[in-house]
Each structure stands twice: as structure tokens, then as C-alpha cells.
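Q: Below is the file upload37.cif, which contains mmCIF, C-alpha atoms, pLDDT in the B column; chains and numbers go by the auth columns.
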```
data_upload
loop_
_atom_site.group_PDB
_atom_site.id
_atom_site.type_symbol
_atom_site.label_atom_id
_atom_site.label_comp_id
_atom_site.label_asym_id
_atom_site.label_seq_id
_atom_site.Cartn_x
_atom_site.Cartn_y
_atom_site.Cartn_z
_atom_site.B_iso_or_equiv
_atom_site.auth_seq_id
_atom_site.auth_asym_id
ATOM 1 C CA MET A 1 0.000 0.000 0.000 75.00 297 L
ATOM 2 C CA LEU A 2 2.700 2.476 1.002 84.00 298 L
ATOM 3 C CA LYS A 3 4.690 1.774 -2.155 83.00 299 L
ATOM 4 C CA THR A 4 1.655 2.561 -4.304 82.00 300 L
ATOM 5 C CA LEU A 5 0.991 5.809 -2.411 86.00 301 L
ATOM 6 C CA ARG A 6 4.638 6.809 -2.857 88.00 302 L
ATOM 7 C CA GLU A 7 4.598 6.078 -6.568 87.00 303 L
ATOM 8 C CA LYS A 8 1.326 7.982 -7.028 87.00 304 L
ATOM 9 C CA ALA A 9 3.003 10.957 -5.361 88.00 305 L
ATOM 10 C CA GLY A 10 5.878 10.738 -7.869 89.00 306 L
ATOM 11 C CA LEU A 11 8.501 10.043 -5.197 89.00 307 L
ATOM 12 C CA ASP A 12 11.293 7.488 -4.912 89.00 308 L
ATOM 13 C CA GLN A 13 12.620 5.811 -1.793 88.00 309 L
ATOM 14 C CA GLU A 14 15.476 8.291 -1.494 89.00 310 L
ATOM 15 C CA ASP A 15 12.961 11.164 -1.306 88.00 311 L
ATOM 16 C CA VAL A 16 11.137 9.440 1.531 85.00 312 L
ATOM 17 C CA ALA A 17 14.365 8.562 3.318 87.00 313 L
ATOM 18 C CA ALA A 18 15.422 12.198 3.212 88.00 314 L
ATOM 19 C CA HIS A 19 12.054 13.243 4.669 87.00 315 L
ATOM 20 C CA LEU A 20 12.376 10.681 7.486 87.00 316 L
ATOM 21 C CA GLU A 21 16.118 11.377 7.915 85.00 317 L
ATOM 22 C CA CYS A 22 16.983 7.701 7.539 85.00 318 L
ATOM 23 C CA ASP A 23 18.634 5.345 5.074 79.00 319 L
ATOM 24 C CA HIS A 24 16.610 4.381 1.980 73.00 320 L
ATOM 25 C CA SER A 25 16.954 0.693 2.978 76.00 321 L
ATOM 26 C CA LYS A 26 14.639 1.391 5.919 80.00 322 L
ATOM 27 C CA VAL A 27 11.969 2.616 3.503 83.00 323 L
ATOM 28 C CA SER A 28 12.449 -0.515 1.419 80.00 324 L
ATOM 29 C CA ARG A 29 12.061 -2.764 4.485 73.00 325 L
ATOM 30 C CA ILE A 30 8.870 -0.958 5.502 78.00 326 L
ATOM 31 C CA GLU A 31 7.343 -1.239 2.029 78.00 327 L
ATOM 32 C CA THR A 32 8.100 -4.955 1.769 70.00 328 L
ATOM 33 C CA ALA A 33 6.919 -5.669 5.343 64.00 329 L
ATOM 34 C CA ARG A 34 10.356 -6.866 6.414 60.00 330 L
ATOM 35 C CA SER A 35 10.126 -4.428 9.307 65.00 331 L
ATOM 36 C CA GLY A 36 7.337 -2.563 11.029 68.00 332 L
ATOM 37 C CA VAL A 37 6.794 1.175 10.875 78.00 333 L
ATOM 38 C CA ARG A 38 6.455 3.477 13.861 78.00 334 L
ATOM 39 C CA PRO A 39 3.275 5.587 13.930 81.00 335 L
ATOM 40 C CA ILE A 40 5.316 8.802 13.909 83.00 336 L
ATOM 41 C CA ASP A 41 7.164 7.723 10.742 85.00 337 L
ATOM 42 C CA LEU A 42 3.964 6.497 9.117 86.00 338 L
ATOM 43 C CA ARG A 43 2.245 9.836 9.718 87.00 339 L
ATOM 44 C CA LYS A 44 5.222 11.638 8.138 88.00 340 L
ATOM 45 C CA MET A 45 5.111 9.343 5.119 88.00 341 L
ATOM 46 C CA LEU A 46 1.361 9.759 4.627 88.00 342 L
ATOM 47 C CA SER A 47 1.672 13.535 4.877 89.00 343 L
ATOM 48 C CA LEU A 48 4.421 13.464 2.273 88.00 344 L
ATOM 49 C CA TYR A 49 2.184 11.362 -0.004 90.00 345 L
ATOM 50 C CA GLY A 50 -0.690 13.812 0.308 89.00 346 L
ATOM 51 C CA VAL A 51 -2.862 11.587 2.527 88.00 347 L
ATOM 52 C CA THR A 52 -4.259 14.160 4.946 83.00 348 L
ATOM 53 C CA GLU A 53 -7.817 12.998 5.682 86.00 349 L
ATOM 54 C CA ALA A 54 -7.733 12.363 9.444 83.00 350 L
ATOM 55 C CA ALA A 55 -9.887 9.230 9.377 79.00 351 L
ATOM 56 C CA THR A 56 -7.832 7.659 6.583 83.00 352 L
ATOM 57 C CA VAL A 57 -4.562 8.422 8.363 85.00 353 L
ATOM 58 C CA GLU A 58 -5.861 6.807 11.537 84.00 354 L
ATOM 59 C CA ASP A 59 -6.960 3.726 9.570 81.00 355 L
ATOM 60 C CA TYR A 60 -3.411 3.314 8.254 82.00 356 L
ATOM 61 C CA VAL A 61 -1.904 3.840 11.704 81.00 357 L
ATOM 62 C CA ALA A 62 -4.290 1.303 13.268 77.00 358 L
ATOM 63 C CA LEU A 63 -3.457 -1.245 10.561 76.00 359 L
ATOM 64 C CA ALA A 64 0.286 -0.758 11.134 74.00 360 L
ATOM 65 C CA LYS A 65 -0.074 -1.176 14.913 70.00 361 L
ATOM 66 C CA GLN A 66 -2.176 -4.315 14.547 65.00 362 L
ATOM 67 C CA ALA A 67 0.246 -5.804 12.029 61.00 363 L
ATOM 68 C CA ARG A 68 3.120 -5.367 14.508 59.00 364 L
ATOM 69 C CA GLU A 69 1.083 -6.961 17.304 54.00 365 L
ATOM 70 C CA ARG A 70 -0.216 -9.895 15.238 52.00 366 L
ATOM 71 C CA GLY A 71 2.936 -10.649 13.282 53.00 367 L
ATOM 72 C CA TRP A 72 3.110 -14.273 14.426 53.00 368 L
ATOM 73 C CA TRP A 73 4.558 -15.332 11.071 51.00 369 L
ATOM 74 C CA VAL A 74 7.864 -13.442 11.441 54.00 370 L
ATOM 75 C CA LYS A 75 9.421 -16.337 13.394 53.00 371 L
ATOM 76 C CA TYR A 76 9.103 -18.704 10.428 54.00 372 L
ATOM 77 C CA ARG A 77 12.102 -18.802 8.138 58.00 373 L
ATOM 78 C CA GLY A 78 11.731 -19.376 4.416 60.00 374 L
ATOM 79 C CA LEU A 79 8.706 -17.138 3.853 67.00 375 L
ATOM 80 C CA HIS A 80 9.216 -14.795 0.929 69.00 376 L
ATOM 81 C CA HIS A 81 8.862 -11.155 1.950 71.00 377 L
ATOM 82 C CA THR A 82 5.887 -10.610 -0.376 79.00 378 L
ATOM 83 C CA PHE A 83 4.034 -13.523 1.203 81.00 379 L
ATOM 84 C CA SER A 84 4.873 -12.185 4.667 77.00 380 L
ATOM 85 C CA ALA A 85 3.365 -8.871 3.610 78.00 381 L
ATOM 86 C CA PHE A 86 0.275 -10.726 2.368 85.00 382 L
ATOM 87 C CA LEU A 87 -0.102 -12.474 5.740 83.00 383 L
ATOM 88 C CA GLY A 88 -0.082 -9.089 7.455 80.00 384 L
ATOM 89 C CA LEU A 89 -2.858 -7.830 5.192 84.00 385 L
ATOM 90 C CA GLU A 90 -4.844 -11.067 5.458 89.00 386 L
ATOM 91 C CA ALA A 91 -4.777 -10.819 9.259 83.00 387 L
ATOM 92 C CA GLU A 92 -6.442 -7.393 9.104 82.00 388 L
ATOM 93 C CA ALA A 93 -8.865 -7.855 6.199 89.00 389 L
ATOM 94 C CA VAL A 94 -12.602 -8.010 6.787 92.00 390 L
ATOM 95 C CA GLU A 95 -13.312 -9.835 3.536 96.00 391 L
ATOM 96 C CA LEU A 96 -11.320 -12.123 1.245 97.00 392 L
ATOM 97 C CA ARG A 97 -12.394 -13.192 -2.224 97.00 393 L
ATOM 98 C CA THR A 98 -10.185 -16.032 -3.418 96.00 394 L
ATOM 99 C CA TYR A 99 -9.967 -17.875 -6.722 95.00 395 L
ATOM 100 C CA GLU A 100 -7.953 -21.087 -6.929 93.00 396 L
ATOM 101 C CA GLU A 101 -7.927 -23.297 -10.000 90.00 397 L
ATOM 102 C CA THR A 102 -5.541 -26.129 -9.099 89.00 398 L
ATOM 103 C CA PHE A 103 -5.424 -26.634 -5.309 92.00 399 L
ATOM 104 C CA ILE A 104 -7.636 -26.141 -2.252 95.00 400 L
ATOM 105 C CA PRO A 105 -6.999 -22.618 -0.865 94.00 401 L
ATOM 106 C CA GLY A 106 -4.730 -22.436 2.172 93.00 402 L
ATOM 107 C CA LEU A 107 -7.434 -21.162 4.528 96.00 403 L
ATOM 108 C CA LEU A 108 -9.447 -24.346 3.896 97.00 404 L
ATOM 109 C CA GLN A 109 -6.694 -26.981 3.877 95.00 405 L
ATOM 110 C CA THR A 110 -6.325 -29.862 6.313 95.00 406 L
ATOM 111 C CA GLU A 111 -2.894 -30.366 7.843 93.00 407 L
ATOM 112 C CA ASP A 112 -2.237 -33.604 5.919 94.00 408 L
ATOM 113 C CA TYR A 113 -3.285 -32.040 2.609 94.00 409 L
ATOM 114 C CA ALA A 114 -1.128 -28.977 3.280 91.00 410 L
ATOM 115 C CA ARG A 115 1.847 -31.188 4.077 90.00 411 L
ATOM 116 C CA ALA A 116 1.446 -33.188 0.872 90.00 412 L
ATOM 117 C CA LEU A 117 1.114 -30.016 -1.158 87.00 413 L
ATOM 118 C CA ILE A 118 4.159 -28.404 0.439 83.00 414 L
ATOM 119 C CA LEU A 119 6.281 -31.538 0.006 83.00 415 L
ATOM 120 C CA GLY A 120 5.449 -31.502 -3.700 74.00 416 L
ATOM 121 C CA SER A 121 6.302 -27.838 -4.146 68.00 417 L
ATOM 122 C CA ALA A 122 9.407 -26.862 -6.079 54.00 418 L
ATOM 123 C CA ARG A 123 9.816 -23.876 -3.726 59.00 419 L
ATOM 124 C CA THR A 124 10.163 -25.875 -0.524 58.00 420 L
ATOM 125 C CA THR A 125 13.094 -27.702 1.037 56.00 421 L
ATOM 126 C CA GLY A 126 12.551 -30.539 3.511 56.00 422 L
ATOM 127 C CA SER A 127 13.542 -28.425 6.516 56.00 423 L
ATOM 128 C CA ASP A 128 10.815 -25.879 5.741 73.00 424 L
ATOM 129 C CA VAL A 129 7.842 -28.264 5.711 81.00 425 L
ATOM 130 C CA ASP A 130 6.810 -28.189 9.376 82.00 426 L
ATOM 131 C CA GLY A 131 7.054 -24.403 9.467 78.00 427 L
ATOM 132 C CA PHE A 132 4.965 -23.952 6.344 81.00 428 L
ATOM 133 C CA VAL A 133 2.302 -26.343 7.640 85.00 429 L
ATOM 134 C CA GLU A 134 2.141 -24.414 10.905 84.00 430 L
ATOM 135 C CA VAL A 135 1.811 -21.131 9.015 83.00 431 L
ATOM 136 C CA ARG A 136 -1.220 -22.507 7.170 85.00 432 L
ATOM 137 C CA ARG A 137 -2.752 -23.671 10.436 87.00 433 L
ATOM 138 C CA GLN A 138 -2.196 -20.281 12.076 87.00 434 L
ATOM 139 C CA ARG A 139 -3.672 -18.462 9.083 89.00 435 L
ATOM 140 C CA GLN A 140 -6.943 -20.330 9.463 92.00 436 L
ATOM 141 C CA THR A 141 -7.702 -18.625 12.793 89.00 437 L
ATOM 142 C CA VAL A 142 -8.853 -15.624 10.752 91.00 438 L
ATOM 143 C CA LEU A 143 -12.036 -17.597 9.994 93.00 439 L
ATOM 144 C CA ASP A 144 -12.998 -17.364 13.666 91.00 440 L
ATOM 145 C CA ARG A 145 -12.712 -13.582 13.771 88.00 441 L
ATOM 146 C CA THR A 146 -15.959 -11.657 14.182 88.00 442 L
ATOM 147 C CA GLY A 147 -16.903 -9.709 11.062 91.00 443 L
ATOM 148 C CA PHE A 148 -14.646 -11.679 8.697 95.00 444 L
ATOM 149 C CA THR A 149 -16.062 -13.158 5.461 97.00 445 L
ATOM 150 C CA LEU A 150 -14.444 -15.549 2.995 97.00 446 L
ATOM 151 C CA TRP A 151 -15.715 -15.967 -0.578 97.00 447 L
ATOM 152 C CA VAL A 152 -14.072 -18.787 -2.527 97.00 448 L
ATOM 153 C CA VAL A 153 -14.323 -20.027 -6.109 96.00 449 L
ATOM 154 C CA ILE A 154 -12.428 -23.286 -6.683 96.00 450 L
ATOM 155 C CA GLY A 155 -11.857 -24.891 -10.049 94.00 451 L
ATOM 156 C CA GLU A 156 -13.201 -28.454 -10.250 94.00 452 L
ATOM 157 C CA ALA A 157 -9.698 -29.605 -11.169 92.00 453 L
ATOM 158 C CA ALA A 158 -8.569 -28.732 -7.637 94.00 454 L
ATOM 159 C CA LEU A 159 -10.980 -31.362 -6.306 95.00 455 L
ATOM 160 C CA LEU A 160 -9.600 -34.018 -8.648 93.00 456 L
ATOM 161 C CA HIS A 161 -5.883 -33.306 -8.323 86.00 457 L
ATOM 162 C CA GLY A 162 -3.996 -36.475 -7.363 81.00 458 L
ATOM 163 C CA MET A 163 -1.143 -34.802 -5.505 83.00 459 L
ATOM 164 C CA ALA A 164 -2.009 -36.566 -2.225 88.00 460 L
ATOM 165 C CA PRO A 165 -2.993 -40.145 -1.265 92.00 461 L
ATOM 166 C CA PRO A 166 -6.707 -40.932 -1.710 94.00 462 L
ATOM 167 C CA ALA A 167 -7.372 -41.003 2.045 95.00 463 L
ATOM 168 C CA VAL A 168 -5.840 -37.545 2.466 95.00 464 L
ATOM 169 C CA ARG A 169 -7.785 -36.183 -0.483 96.00 465 L
ATOM 170 C CA LYS A 170 -11.058 -37.642 0.805 96.00 466 L
ATOM 171 C CA ALA A 171 -10.521 -36.143 4.278 96.00 467 L
ATOM 172 C CA GLN A 172 -9.720 -32.811 2.659 96.00 468 L
ATOM 173 C CA LEU A 173 -12.885 -32.809 0.559 97.00 469 L
ATOM 174 C CA LEU A 174 -15.068 -33.708 3.540 97.00 470 L
ATOM 175 C CA TYR A 175 -13.393 -30.940 5.541 96.00 471 L
ATOM 176 C CA LEU A 176 -14.092 -28.562 2.678 96.00 472 L
ATOM 177 C CA VAL A 177 -17.802 -29.423 2.833 97.00 473 L
ATOM 178 C CA GLU A 178 -17.759 -28.880 6.601 96.00 474 L
ATOM 179 C CA GLN A 179 -15.964 -25.523 6.424 96.00 475 L
ATOM 180 C CA SER A 180 -18.154 -24.278 3.570 95.00 476 L
ATOM 181 C CA SER A 181 -21.148 -24.630 5.887 93.00 477 L
ATOM 182 C CA ARG A 182 -19.808 -21.865 8.132 95.00 478 L
ATOM 183 C CA PRO A 183 -22.018 -18.755 8.059 95.00 479 L
ATOM 184 C CA ASN A 184 -19.049 -16.566 7.056 96.00 480 L
ATOM 185 C CA VAL A 185 -17.756 -18.853 4.276 97.00 481 L
ATOM 186 C CA GLU A 186 -19.253 -18.906 0.779 97.00 482 L
ATOM 187 C CA LEU A 187 -17.785 -21.552 -1.519 98.00 483 L
ATOM 188 C CA GLN A 188 -18.546 -22.307 -5.159 97.00 484 L
ATOM 189 C CA VAL A 189 -17.014 -24.787 -7.586 96.00 485 L
ATOM 190 C CA LEU A 190 -16.258 -23.722 -11.130 94.00 486 L
ATOM 191 C CA GLY A 191 -17.060 -26.793 -13.231 91.00 487 L
ATOM 192 C CA LEU A 192 -14.739 -28.106 -15.921 87.00 488 L
ATOM 193 C CA GLU A 193 -17.444 -27.493 -18.507 84.00 489 L
ATOM 194 C CA SER A 194 -18.464 -24.036 -17.267 80.00 490 L
ATOM 195 C CA GLY A 195 -16.833 -22.123 -20.128 78.00 491 L
ATOM 196 C CA VAL A 196 -15.785 -19.371 -17.688 78.00 492 L
ATOM 197 C CA TYR A 197 -12.154 -18.762 -16.782 69.00 493 L
ATOM 198 C CA SER A 198 -10.110 -16.202 -14.904 63.00 494 L
ATOM 199 C CA ALA A 199 -8.550 -13.385 -16.910 60.00 495 L
ATOM 200 C CA ALA A 200 -5.702 -13.390 -14.372 58.00 496 L
ATOM 201 C CA ALA A 201 -2.524 -15.394 -14.897 58.00 497 L
ATOM 202 C CA GLY A 202 -3.318 -17.624 -11.934 78.00 498 L
ATOM 203 C CA PRO A 203 -4.831 -17.790 -8.440 89.00 499 L
ATOM 204 C CA PHE A 204 -5.587 -14.484 -6.748 94.00 500 L
ATOM 205 C CA THR A 205 -7.040 -13.074 -3.546 95.00 501 L
ATOM 206 C CA HIS A 206 -8.928 -9.777 -3.294 96.00 502 L
ATOM 207 C CA LEU A 207 -8.636 -8.235 0.194 94.00 503 L
ATOM 208 C CA THR A 208 -11.036 -5.638 1.614 94.00 504 L
ATOM 209 C CA PHE A 209 -10.446 -3.654 4.816 89.00 505 L
ATOM 210 C CA GLU A 210 -12.419 -1.525 7.246 84.00 506 L
ATOM 211 C CA GLY A 211 -12.570 2.242 6.900 77.00 507 L
ATOM 212 C CA ASP A 212 -11.138 4.070 3.919 75.00 508 L
ATOM 213 C CA LEU A 213 -8.214 1.732 3.309 80.00 509 L
ATOM 214 C CA PRO A 214 -8.080 0.734 -0.374 85.00 510 L
ATOM 215 C CA ASP A 215 -8.623 -2.841 -1.547 91.00 511 L
ATOM 216 C CA VAL A 216 -5.581 -4.898 -2.541 90.00 512 L
ATOM 217 C CA VAL A 217 -5.244 -7.951 -4.776 93.00 513 L
ATOM 218 C CA TYR A 218 -2.555 -10.570 -4.206 92.00 514 L
ATOM 219 C CA GLU A 219 -1.701 -12.831 -7.116 89.00 515 L
ATOM 220 C CA ASP A 220 0.329 -15.965 -6.515 77.00 516 L
ATOM 221 C CA THR A 221 3.234 -16.616 -8.884 72.00 517 L
ATOM 222 C CA ALA A 222 5.761 -19.382 -9.481 62.00 518 L
ATOM 223 C CA THR A 223 8.429 -17.625 -7.405 64.00 519 L
ATOM 224 C CA ALA A 224 6.711 -15.407 -4.835 67.00 520 L
ATOM 225 C CA GLY A 225 3.703 -13.188 -5.336 78.00 521 L
ATOM 226 C CA LEU A 226 2.491 -9.902 -6.789 86.00 522 L
ATOM 227 C CA PHE A 227 0.459 -7.104 -5.227 86.00 523 L
ATOM 228 C CA VAL A 228 -2.027 -5.218 -7.392 88.00 524 L
ATOM 229 C CA GLU A 229 -3.037 -1.871 -5.897 84.00 525 L
ATOM 230 C CA GLN A 230 -3.953 0.520 -8.723 87.00 526 L
ATOM 231 C CA ASP A 231 -7.672 1.247 -8.524 87.00 527 L
ATOM 232 C CA GLU A 232 -8.431 0.334 -12.128 91.00 528 L
ATOM 233 C CA ASP A 233 -6.498 -2.953 -11.866 91.00 529 L
ATOM 234 C CA VAL A 234 -8.194 -3.929 -8.609 92.00 530 L
ATOM 235 C CA ALA A 235 -11.549 -3.184 -10.249 93.00 531 L
ATOM 236 C CA ALA A 236 -10.646 -5.541 -13.105 92.00 532 L
ATOM 237 C CA TYR A 237 -9.992 -8.366 -10.649 93.00 533 L
ATOM 238 C CA SER A 238 -13.259 -7.595 -8.866 94.00 534 L
ATOM 239 C CA HIS A 239 -15.100 -7.884 -12.170 93.00 535 L
ATOM 240 C CA ALA A 240 -13.274 -11.144 -12.963 92.00 536 L
ATOM 241 C CA PHE A 241 -14.264 -12.636 -9.613 94.00 537 L
ATOM 242 C CA ALA A 242 -17.888 -11.648 -10.156 93.00 538 L
ATOM 243 C CA ARG A 243 -17.826 -13.462 -13.527 92.00 539 L
ATOM 244 C CA LEU A 244 -16.280 -16.543 -11.900 93.00 540 L
ATOM 245 C CA MET A 245 -19.014 -16.591 -9.250 94.00 541 L
ATOM 246 C CA GLY A 246 -21.667 -16.185 -11.919 93.00 542 L
ATOM 247 C CA GLY A 247 -20.313 -19.152 -13.892 92.00 543 L
ATOM 248 C CA ALA A 248 -19.742 -21.420 -10.880 94.00 544 L
ATOM 249 C CA LEU A 249 -22.187 -23.830 -9.271 95.00 545 L
ATOM 250 C CA PRO A 250 -24.311 -22.389 -6.434 96.00 546 L
ATOM 251 C CA PRO A 251 -23.011 -23.188 -2.906 96.00 547 L
ATOM 252 C CA GLN A 252 -25.418 -26.066 -2.225 96.00 548 L
ATOM 253 C CA GLU A 253 -24.696 -27.734 -5.581 97.00 549 L
ATOM 254 C CA SER A 254 -20.991 -27.175 -5.025 97.00 550 L
ATOM 255 C CA ARG A 255 -21.100 -29.015 -1.677 97.00 551 L
ATOM 256 C CA ALA A 256 -23.025 -31.854 -3.324 97.00 552 L
ATOM 257 C CA LEU A 257 -20.394 -32.172 -6.060 97.00 553 L
ATOM 258 C CA ILE A 258 -17.555 -32.170 -3.532 97.00 554 L
ATOM 259 C CA SER A 259 -19.319 -34.873 -1.519 97.00 555 L
ATOM 260 C CA ARG A 260 -19.811 -37.064 -4.617 97.00 556 L
ATOM 261 C CA ILE A 261 -16.131 -36.794 -5.526 96.00 557 L
ATOM 262 C CA ALA A 262 -15.163 -37.661 -1.944 96.00 558 L
ATOM 263 C CA GLU A 263 -17.381 -40.772 -2.008 96.00 559 L
ATOM 264 C CA ARG A 264 -15.463 -42.114 -5.017 94.00 560 L
ATOM 265 C CA LEU A 265 -12.127 -42.010 -3.170 92.00 561 L
#
```
The structure given in the file should be rewritten as C-alpha cells.
A:
Amino acid sequence: MLKTLREKAGLDQEDVAAHLECDHSKVSRIETARSGVRPIDLRKMLSLYGVTEAATVEDYVALAKQARERGWWVKYRGLHHTFSAFLGLEAEAVELRTYEETFIPGLLQTEDYARALILGSARTTGSDVDGFVEVRRQRQTVLDRTGFTLWVVIGEAALLHGMAPPAVRKAQLLYLVEQSSRPNVELQVLGLESGVYSAAAGPFTHLTFEGDLPDVVYEDTATAGLFVEQDEDVAAYSHAFARLMGGALPPQESRALISRIAERL
């Protein structure tokens, strides 16, 4: 978010560093969530970027404070800095809209499924597995937070993927049916024959926050991840997600399909 505000203001990191009287590497660490930001520095940065509306400033300050308090993920080694930044935003979002075409989304994975998926990932070394599994488990506590909503569209191929033993896959699908019955979780399956596809290059998550904080989209990539923050680009993802929901099976039919696939395992 701060990087986008800086770029919109036509400034580079050296300009901000001069304003804060610090090294430009500090600005880089703040923007990539490798370090927190003090409220006093954040207020200076927002003023420099032309963000002067009192309520908006306080929203940013509150988000920064909460991120520092809830940064449980910082103790896990091996997390790419962009994914760490995503975890900070996910922990503070009030709504997530997620599209996944190949695998079950992390917030809805069982531990055994997550472990199988991580073991099969080209990004992961053996020593990282337990930490990555624990990160996924910790992330899922967001589902218990009051006022949080998760909207998910999953490609049917994700339900059929043979990357885990049948027993693990069956348990995962049954867990998916169970979790999709939560009042704050809306899940739909995009059938193989739907004729609708995402205009994005791959899976993405659209995050919405309280107050005047702008929406952000996180797109997973083969190496790390990409944040999309320009208003017109975020709007394009929002439109794409709406089309995916419109082409997917309704929630009740989606649960029925998942159950039928589980029964065959």
C-alpha cells in the first residue's frame, strides 16, 4: 500500500528517506513488510504522499499497529517477503475473495493435505515443511474472527488433483464441505465445462479492509507473489471474480459435487 501511495506521489525511496532522515533501505524494508513502521514515521510518510484525511490516516496507523502486534509469522524462516506482507494484510482484512484453480486454498486446507502439497512444491526444502504447515494452520484462525467473510471459487480440477494419497484427499474434501457450511464462508465450484475462466494469470485473492483503506489484490506466482493496488487494476480483478461466481455452481450444488467426488475415493 505504502509503495503505491509513494509512486502515485511521484517520489522514490530516497525522497522518503530524506524526509524521514533515515537510510533508503529502511523505507524498502517498511514497504516490503520486512520491518514494522512506527506511527510517527507512518504519519510523516502519509503527509508526504498527500494523505491528509484524518480518518484515513488513523486507519493506516491502526493497521500498522495491529500488524506489529499480530505478526506471528515473522518467526518462520523461508517465507518470501511478499508472502509475509500478504499475511499481514490477510490478518487485518474483513473480507477475502479467493480464486484457486488447481489446489484447495490455504485457509481451507487440512494439515495432511497442506503437508502433501508443500512436500510436492518446487519452492520448498525438507527443513521448511513443518514451518509452512504451521503457518497454514495459524492463518486459518482468521475464519474465527468476528466480522470476517471468505468468498471462494475453486476450479473443479482442484478437487480431482492427485497430488495426495486418496485417504488424504477424501478427508480434505469432507473438511471442505464442513468448512463451507460456516455462516461466514461462501464456496462455489467452477465446473470443468463451465466455459468461464479467470482473466488473471493464476490464483488471486482480493482483500477488503475496514474504513477508507483501499482494496488490494494478491496474485500468486511461481516464485513469490504480486500485489495489485492501482484502482483500475483492482476493479478488473473484482469484475473477474464476479464473472467466476456467476459461472460457478451455487453453494449447495458445489457441496453436493464435492461430496460425490469424496465418495469415489
Q: Between CA of Leu403 in chain L and CA of Leu561 in chain L, what is the spacing in Å?
A: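 Computed distance, CA of Leu561 in chain L to CA of Leu403 in chain L, equals 22.7 Å.
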Q: Counting only C-alpha atoms, what is within 12 Å of Val464 in chain L, bar same-chain residues fewer than 5 positions away, as a list in words?
A: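 So the residues in contact are Gln405, Thr406, Glu407, Asp408, Tyr409, Ala410, Arg411, Ala412, Leu413, Leu455, His457, Gly458, Met459, Leu469, Leu470, Tyr471, Ala558 and Leu561 of chain L.
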Q: For C-alpha atoms, I'd like the residues from the last selection saved as an mmCIF file, in the coordinates of the input.
A:
```cif
data_model
loop_
_atom_site.group_PDB
_atom_site.id
_atom_site.type_symbol
_atom_site.label_atom_id
_atom_site.label_comp_id
_atom_site.auth_asym_id
_atom_site.auth_seq_id
_atom_site.Cartn_x
_atom_site.Cartn_y
_atom_site.Cartn_z
ATOM 1 C CA GLN L 405 -6.694 -26.981 3.877
ATOM 2 C CA THR L 406 -6.325 -29.862 6.313
ATOM 3 C CA GLU L 407 -2.894 -30.366 7.843
ATOM 4 C CA ASP L 408 -2.237 -33.604 5.919
ATOM 5 C CA TYR L 409 -3.285 -32.040 2.609
ATOM 6 C CA ALA L 410 -1.128 -28.977 3.280
ATOM 7 C CA ARG L 411 1.847 -31.188 4.077
ATOM 8 C CA ALA L 412 1.446 -33.188 0.872
ATOM 9 C CA LEU L 413 1.114 -30.016 -1.158
ATOM 10 C CA LEU L 455 -10.980 -31.362 -6.306
ATOM 11 C CA HIS L 457 -5.883 -33.306 -8.323
ATOM 12 C CA GLY L 458 -3.996 -36.475 -7.363
ATOM 13 C CA MET L 459 -1.143 -34.802 -5.505
ATOM 14 C CA LEU L 469 -12.885 -32.809 0.559
ATOM 15 C CA LEU L 470 -15.068 -33.708 3.540
ATOM 16 C CA TYR L 471 -13.393 -30.940 5.541
ATOM 17 C CA ALA L 558 -15.163 -37.661 -1.944
ATOM 18 C CA LEU L 561 -12.127 -42.010 -3.170
#
```
Q: Using the chain letters and numbers from the file, give me the residues hit by the PyMOL selection byres ((chain L and resi 480) around 7), as an mmCIF file with C-alpha atoms, keeping the file's coordinate frame.
A:
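Output below, filename selection_37.cif:
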```cif
data_model
loop_
_atom_site.group_PDB
_atom_site.id
_atom_site.type_symbol
_atom_site.label_atom_id
_atom_site.label_comp_id
_atom_site.auth_asym_id
_atom_site.auth_seq_id
_atom_site.Cartn_x
_atom_site.Cartn_y
_atom_site.Cartn_z
ATOM 1 C CA PHE L 444 -14.646 -11.679 8.697
ATOM 2 C CA THR L 445 -16.062 -13.158 5.461
ATOM 3 C CA LEU L 446 -14.444 -15.549 2.995
ATOM 4 C CA ARG L 478 -19.808 -21.865 8.132
ATOM 5 C CA PRO L 479 -22.018 -18.755 8.059
ATOM 6 C CA VAL L 481 -17.756 -18.853 4.276
ATOM 7 C CA GLU L 482 -19.253 -18.906 0.779
#
```
Q: Can you list, as a list in words, the residues that the PyMOL selection byres ((chain L and resi 448-452) around 6) selects here?
A: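 In the shown coordinates, the PyMOL selection byres ((chain L and resi 448-452) around 6) covers Arg393, Thr394, Tyr395, Glu396, Glu397, Trp447, Ala453, Ala454, Leu455, Leu483, Gln484, Val485, Leu486, Gly487 and Leu488 of chain L.
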Q: So that I can check the surroundings of Glu515 in chain L, please list as a PyMOL selection string every protein, DNA and RNA residue that reaches within 10 Å of it, counting all atoms listed in the file and ignoring chain neighbours fewer than 2 positions away.
A: chain L and resi 382+394-395+496-502+512-513+517+520-524
Q: Enumerate, as number ranges by chain, the residues matched when the PyMOL selection byres ((chain L and resi 505) around 9) is run on the file above.
A: L: 385, 388-391, 503-504, 506-512
Q: I need the chosen residues saved as a PDB file, in the coordinates of the input, with C-alpha atoms.
A:
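Once everything was written out, this is again_27.pdb:
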```pdb
ATOM      1  CA  LEU L 385      -2.858  -7.830   5.192  1.00 84.00           C
ATOM      2  CA  GLU L 388      -6.442  -7.393   9.104  1.00 82.00           C
ATOM      3  CA  ALA L 389      -8.865  -7.855   6.199  1.00 89.00           C
ATOM      4  CA  VAL L 390     -12.602  -8.010   6.787  1.00 92.00           C
ATOM      5  CA  GLU L 391     -13.312  -9.835   3.536  1.00 96.00           C
ATOM      6  CA  LEU L 503      -8.636  -8.235   0.194  1.00 94.00           C
ATOM      7  CA  THR L 504     -11.036  -5.638   1.614  1.00 94.00           C
ATOM      8  CA  GLU L 506     -12.419  -1.525   7.246  1.00 84.00           C
ATOM      9  CA  GLY L 507     -12.570   2.242   6.900  1.00 77.00           C
ATOM     10  CA  ASP L 508     -11.138   4.070   3.919  1.00 75.00           C
ATOM     11  CA  LEU L 509      -8.214   1.732   3.309  1.00 80.00           C
ATOM     12  CA  PRO L 510      -8.080   0.734  -0.374  1.00 85.00           C
ATOM     13  CA  ASP L 511      -8.623  -2.841  -1.547  1.00 91.00           C
ATOM     14  CA  VAL L 512      -5.581  -4.898  -2.541  1.00 90.00           C
TER      15      VAL L 512
END
```
Q: Interatomic distance between CA of Gly384 in chain L and CA of Leu342 in chain L?
A: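 One can read the CA of Gly384 in chain L to CA of Leu342 in chain L distance as 19.1 Å.
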Q: For Lys361 in chain L, which residue among L:Arg339, L:Val333, L:Ser324, L:Lys299 is the nearest when counting only C-alpha atoms?
A: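 Closest residue, counting only C-alpha atoms: L:Val333.
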